[in-house]
Amino acid sequence: MTANYTLKEDIRDYWSRRSLTFDLAFGHRIPPGPELEAWGDAVTRALGDRPLSVLELACGTGEVSNVLMSRGHRVTALDFSEAMLSVARAKHAGRDQVHFILADAENTMEPDGLYDAIVCRHLVWTLTRPEEAFADWFRVLKPGGRLLVFDGDWAKPTHLGRLAGMTIKIIDRLKGEDPHYDGAMGDRHRSIMSRLPFGHGLTAGELAALLRRTGFVGIDIASHAPIAAAQRRTADLRNCLRTLLYRRFILSCRKPDAA
Ligand SMILES: C[S@@+](CC[C@H](N)C(=O)[O-])C[C@H]1O[C@@H](n2cnc3c(N)ncnc32)[C@H](O)[C@@H]1O
């Protein structure tokens with residue numbers, strides 16, 4: 001067994017254990033209303049408003065799948081955790097705009113040039129072989145196909161985020177910790193992060209450089225602020241503060257058109 005295999009198994013096990021409570025942790029579920037609209041607007045900004053054939057990577061419990069369907073796209077959603085997929089399948093039972101497959105986002109095994117777009121949220125930071133993954137995504141996109149990445153730097157809180165973090169700790173002490181928030185499996189999370197290529201934190205600039213090297217063009221970095229603002233409309237104080245913790249970004253780019 002190689003060290004890399006062990007790391008991937010750890011990542012899969014970590015998410016599988018979280019599958020039943022994942023939607024209860026703030027920031028994961030995308031409720032209908034302003035938040036669904038804000039995520040949908042970010043998708044439309046990057047992919048346009050024509051219905052597309054989209055490959056969603058690391059779909060988890062199918063929350064982003066729902067955003068994509070809400071904007072008319074046909075979705076093939078993959079994840080390597082059967083536990084996550086079974087939550088997503090149950091959530092979207094009977095909807096024919098989506099189908100779910102068990103697969104590795106770093107080596108999708110999908111045919112060349114099949115998809116108009118690839119979308120992923122909160123996957124890139126946890127890739128074990130990012131450059132191989134990006135080459136695979138480039139391969140399965142049609143010429144002119146688009147890649148849309150929602151992610152963030154989860155290793156380094158922002159300056160404001162440090163203050164928010166301290167305030168959250170005070171609220172935790174007064175009210176008790178939120179058992180479902182990511183910190184609940186903190187030690188395991190930290191151990192995985194320390195072994196990841198982006199364990200030092202993922203920035204939009206670093207990702208853009210790697211994607212350019214893969215061959216992607218037209219890189220656009222958009223603000224996550226409208227989504228955070230929509231989340232704050234319904235969040236309690238502790239969750240409002242959580243929207244300030246980390247620097248998030250929305251990056252889109254495309255495979256060049258055929259010559
Ligand atoms: C933070 S969760 C995000 C889930 C979903 N994208 C969302 O935003 O709600 C990370 C997900 O990535 C999946 N994952 C991590 N590495 C993967 C890989 N190499 N291939 C497929 N899925 C992967 C995990 O199983 C988990 O469902």
# chains A, B, ... in the order shown; residues from 1 in each chain; ligands from 1
>>> closest_atom_pairs(of="chain A", to="ligand 1", cutoff="7 Å", atoms="only C-alpha atoms and all ligand atoms", output="tab-separated table")
residue	atom	partner	partner_atom_place_in_ligand_line	distance
A:Ile11	CA	ligand 1	15 (C)	6.4
A:Arg12	CA	ligand 1	25 (O)	5.3
A:Trp15	CA	ligand 1	25 (O)	5.0
A:Ser16	CA	ligand 1	25 (O)	6.5
A:His28	CA	ligand 1	9 (O)	5.2
A:Arg29	CA	ligand 1	9 (O)	6.9
A:Leu57	CA	ligand 1	21 (C)	6.4
A:Ala58	CA	ligand 1	22 (N)	3.9
A:Cys59	CA	ligand 1	6 (N)	4.3
A:Gly60	CA	ligand 1	27 (O)	3.4
A:Thr61	CA	ligand 1	9 (O)	6.0
A:Gly62	CA	ligand 1	9 (O)	6.4
A:Glu63	CA	ligand 1	9 (O)	5.3
A:Val64	CA	ligand 1	9 (O)	6.0
A:Leu78	CA	ligand 1	21 (C)	6.4
A:Asp79	CA	ligand 1	22 (N)	3.8
A:Phe80	CA	ligand 1	21 (C)	4.0
A:Ser81	CA	ligand 1	25 (O)	4.5
A:Met84	CA	ligand 1	27 (O)	5.6
A:Ala103	CA	ligand 1	21 (C)	5.9
A:Asp104	CA	ligand 1	20 (N)	3.6
A:Ala105	CA	ligand 1	20 (N)	3.7
A:Glu106	CA	ligand 1	19 (N)	5.1
A:Cys120	CA	ligand 1	6 (N)	5.8
A:Arg121	CA	ligand 1	8 (O)	4.3
A:His122	CA	ligand 1	1 (C)	4.9
A:Leu123	CA	ligand 1	12 (O)	5.2
A:Thr126	CA	ligand 1	16 (N)	6.0
A:Leu127	CA	ligand 1	16 (N)	6.0
>>> select_by_dssp(residues="region 4-238 of chain A", states="strand (DSSP E)", output="VMD selection string")
chain A and resid 53 to 57 74 to 79 98 to 102 115 to 121 141 to 153 217 to 222
>>> residues_around(residues="Val119 (chain A)", least_positions_apart="4", cutoff="12 Å", atoms="only C-alpha atoms", output="VMD selection string")
chain A and resid 42 to 44 46 to 47 52 to 59 64 to 65 67 to 68 73 75 to 78 105 115 123 to 124 137 141 145 to 151 250 to 254
>>> closest_residue(among="A:Leu24, A:Ile30, A:Leu7, A:Leu211", to="Ala230 (chain A)", atoms="only C-alpha atoms")
A:Ile30
>>> closest_residue(among="A:Pro51, A:Gly199, A:Pro31, A:Gly40", to="Gly72 (chain A)", atoms="only C-alpha atoms")
A:Pro51
>>> residues_around(residues="region 214-229 of chain A", least_positions_apart="4", cutoff="9 Å", atoms="only C-alpha atoms", output="PyMOL selection string")
chain A and resi 34-39+42+46+131+134-135+138+146-147+150+204-205+208-210+233+240+243-244+247-256
>>> closest_residue(among="A:Leu163, A:Leu207, A:Leu102, A:Met193", to="Ala83 (chain A)", atoms="only C-alpha atoms")
A:Leu102
>>> select_by_dssp(residues="region 50-237 of chain A", states="helix (DSSP H, G or I)", output="MDAnalysis selection string")
chainID A and resid 63:70 82:91 124:126 130:140 159:175 182:194 204:214 225:232 237
>>> residues_around(residues="Asn107 (chain A)", least_positions_apart="5", cutoff="9 Å", atoms="only C-alpha atoms", output="PDB file with N, CA and C atoms, in the first residue's frame")
ATOM      1  N   GLU A 132      -2.540  15.933 -11.968  1.00  0.00           N
ATOM      2  CA  GLU A 132      -3.133  14.836 -12.747  1.00  0.00           C
ATOM      3  C   GLU A 132      -4.643  15.030 -12.862  1.00  0.00           C
ATOM      4  N   ALA A 133      -5.257  15.496 -11.792  1.00  0.00           N
ATOM      5  CA  ALA A 133      -6.707  15.725 -11.813  1.00  0.00           C
ATOM      6  C   ALA A 133      -7.059  16.797 -12.854  1.00  0.00           C
ATOM      7  N   ASP A 136      -6.982  15.518 -16.306  1.00  0.00           N
ATOM      8  CA  ASP A 136      -8.136  14.655 -16.569  1.00  0.00           C
ATOM      9  C   ASP A 136      -9.379  15.508 -16.863  1.00  0.00           C
ATOM     10  N   TRP A 137      -9.568  16.570 -16.117  1.00  0.00           N
ATOM     11  CA  TRP A 137     -10.741  17.434 -16.318  1.00  0.00           C
ATOM     12  C   TRP A 137     -10.659  18.117 -17.697  1.00  0.00           C
TER      13      TRP A 137
END
>>> closest_residue(among="A:Asn239, A:Ala155, A:Gly186, A:Trp125", to="Thr167 (chain A)", atoms="only C-alpha atoms")
A:Asn239
>>> closest_residue(among="A:His99, A:Lys156, A:Ile171, A:Arg89", to="Arg74 (chain A)", atoms="only C-alpha atoms")
A:His99
>>> closest_residue(among="A:Arg173, A:Arg162, A:Trp154, A:Tyr14", to="Thr203 (chain A)", atoms="only C-alpha atoms")
A:Trp154
>>> decode(residues="region 44-93 of chain A", atoms="N, CA and C atoms", output="short mmCIF file (atom, residue, chain, number, x, y, z; two decimals), in the first residue's frame")
data_model
loop_
_atom_site.label_atom_id
_atom_site.label_comp_id
_atom_site.auth_asym_id
_atom_site.auth_seq_id
_atom_site.Cartn_x
_atom_site.Cartn_y
_atom_site.Cartn_z
N THR A 44 -24.64 30.79 -13.19
CA THR A 44 -25.06 31.39 -14.46
C THR A 44 -24.00 32.37 -14.97
N ARG A 45 -23.40 33.11 -14.05
CA ARG A 45 -22.35 34.06 -14.44
C ARG A 45 -21.20 33.33 -15.15
N ALA A 46 -20.86 32.14 -14.63
CA ALA A 46 -19.71 31.40 -15.17
C ALA A 46 -20.08 30.53 -16.38
N LEU A 47 -21.29 29.96 -16.37
CA LEU A 47 -21.62 28.98 -17.42
C LEU A 47 -22.61 29.51 -18.45
N GLY A 48 -23.22 30.68 -18.18
CA GLY A 48 -24.24 31.20 -19.10
C GLY A 48 -25.59 30.59 -18.78
N ASP A 49 -26.63 30.95 -19.57
CA ASP A 49 -27.97 30.47 -19.21
C ASP A 49 -28.52 29.40 -20.13
N ARG A 50 -27.68 28.87 -21.03
CA ARG A 50 -28.10 27.75 -21.89
C ARG A 50 -27.96 26.44 -21.09
N PRO A 51 -28.93 25.52 -21.19
CA PRO A 51 -28.79 24.25 -20.46
C PRO A 51 -27.59 23.45 -20.98
N LEU A 52 -26.76 22.98 -20.07
CA LEU A 52 -25.51 22.29 -20.45
C LEU A 52 -25.48 20.89 -19.86
N SER A 53 -24.57 20.10 -20.43
CA SER A 53 -24.26 18.80 -19.85
C SER A 53 -23.07 19.00 -18.90
N VAL A 54 -23.33 18.85 -17.60
CA VAL A 54 -22.33 19.22 -16.58
C VAL A 54 -21.86 17.98 -15.82
N LEU A 55 -20.55 17.87 -15.66
CA LEU A 55 -19.99 16.86 -14.76
C LEU A 55 -19.70 17.56 -13.44
N GLU A 56 -20.38 17.13 -12.39
CA GLU A 56 -20.10 17.70 -11.06
C GLU A 56 -19.20 16.75 -10.29
N LEU A 57 -18.07 17.26 -9.84
CA LEU A 57 -17.08 16.44 -9.15
C LEU A 57 -17.28 16.55 -7.64
N ALA A 58 -17.18 15.41 -6.94
CA ALA A 58 -17.27 15.39 -5.48
C ALA A 58 -18.59 16.02 -5.02
N CYS A 59 -19.68 15.45 -5.50
CA CYS A 59 -21.00 16.06 -5.27
C CYS A 59 -21.45 15.97 -3.82
N GLY A 60 -20.82 15.11 -3.01
CA GLY A 60 -21.24 14.99 -1.62
C GLY A 60 -22.72 14.66 -1.52
N THR A 61 -23.45 15.43 -0.73
CA THR A 61 -24.88 15.14 -0.51
C THR A 61 -25.79 15.77 -1.59
N GLY A 62 -25.20 16.28 -2.65
CA GLY A 62 -26.02 16.73 -3.79
C GLY A 62 -26.58 18.13 -3.68
N GLU A 63 -25.97 18.98 -2.85
CA GLU A 63 -26.48 20.35 -2.71
C GLU A 63 -26.17 21.20 -3.95
N VAL A 64 -24.94 21.08 -4.46
CA VAL A 64 -24.59 21.85 -5.66
C VAL A 64 -25.31 21.25 -6.89
N SER A 65 -25.53 19.93 -6.86
CA SER A 65 -26.30 19.30 -7.95
C SER A 65 -27.65 20.01 -8.07
N ASN A 66 -28.25 20.32 -6.92
CA ASN A 66 -29.55 20.99 -6.92
C ASN A 66 -29.46 22.39 -7.52
N VAL A 67 -28.37 23.11 -7.20
CA VAL A 67 -28.19 24.45 -7.78
C VAL A 67 -28.11 24.32 -9.31
N LEU A 68 -27.32 23.36 -9.78
CA LEU A 68 -27.13 23.20 -11.23
C LEU A 68 -28.47 22.86 -11.90
N MET A 69 -29.24 21.97 -11.27
CA MET A 69 -30.55 21.62 -11.86
C MET A 69 -31.49 22.82 -11.85
N SER A 70 -31.38 23.64 -10.79
CA SER A 70 -32.29 24.80 -10.69
C SER A 70 -32.05 25.77 -11.82
N ARG A 71 -30.85 25.69 -12.44
CA ARG A 71 -30.54 26.56 -13.59
C ARG A 71 -30.65 25.79 -14.91
N GLY A 72 -31.31 24.64 -14.88
CA GLY A 72 -31.66 23.93 -16.11
C GLY A 72 -30.60 22.97 -16.66
N HIS A 73 -29.51 22.76 -15.92
CA HIS A 73 -28.45 21.90 -16.45
C HIS A 73 -28.75 20.42 -16.19
N ARG A 74 -28.20 19.58 -17.08
CA ARG A 74 -28.26 18.11 -16.89
C ARG A 74 -26.95 17.71 -16.21
N VAL A 75 -27.06 16.96 -15.13
CA VAL A 75 -25.89 16.76 -14.27
C VAL A 75 -25.52 15.29 -14.13
N THR A 76 -24.24 14.99 -14.38
CA THR A 76 -23.66 13.72 -13.95
C THR A 76 -22.83 14.08 -12.72
N ALA A 77 -23.22 13.54 -11.57
CA ALA A 77 -22.58 13.94 -10.32
C ALA A 77 -21.81 12.75 -9.76
N LEU A 78 -20.52 12.96 -9.51
CA LEU A 78 -19.73 11.84 -8.99
C LEU A 78 -19.16 12.14 -7.61
N ASP A 79 -18.92 11.07 -6.89
CA ASP A 79 -18.23 11.16 -5.60
C ASP A 79 -17.59 9.79 -5.36
N PHE A 80 -16.52 9.74 -4.57
CA PHE A 80 -15.91 8.43 -4.30
C PHE A 80 -16.37 7.84 -2.99
N SER A 81 -17.30 8.53 -2.32
CA SER A 81 -17.85 7.98 -1.08
C SER A 81 -19.28 7.48 -1.35
N GLU A 82 -19.46 6.17 -1.23
CA GLU A 82 -20.79 5.59 -1.45
C GLU A 82 -21.77 6.15 -0.41
N ALA A 83 -21.28 6.42 0.78
CA ALA A 83 -22.16 6.94 1.85
C ALA A 83 -22.71 8.32 1.45
N MET A 84 -21.83 9.18 0.93
CA MET A 84 -22.28 10.51 0.47
C MET A 84 -23.27 10.34 -0.68
N LEU A 85 -22.93 9.46 -1.62
CA LEU A 85 -23.80 9.28 -2.79
C LEU A 85 -25.18 8.78 -2.39
N SER A 86 -25.25 7.92 -1.36
CA SER A 86 -26.58 7.41 -1.03
C SER A 86 -27.45 8.51 -0.44
N VAL A 87 -26.84 9.47 0.28
CA VAL A 87 -27.63 10.63 0.77
C VAL A 87 -28.12 11.45 -0.44
N ALA A 88 -27.21 11.68 -1.38
CA ALA A 88 -27.57 12.49 -2.56
C ALA A 88 -28.65 11.80 -3.40
N ARG A 89 -28.50 10.50 -3.58
CA ARG A 89 -29.49 9.75 -4.39
C ARG A 89 -30.87 9.82 -3.74
N ALA A 90 -30.92 9.64 -2.42
CA ALA A 90 -32.21 9.68 -1.73
C ALA A 90 -32.83 11.08 -1.84
N LYS A 91 -31.97 12.10 -1.70
CA LYS A 91 -32.46 13.49 -1.75
C LYS A 91 -33.09 13.82 -3.11
N HIS A 92 -32.51 13.28 -4.17
CA HIS A 92 -32.96 13.66 -5.52
C HIS A 92 -33.68 12.51 -6.23
N ALA A 93 -34.21 11.54 -5.46
CA ALA A 93 -34.92 10.40 -6.06
C ALA A 93 -36.04 10.92 -6.96
#
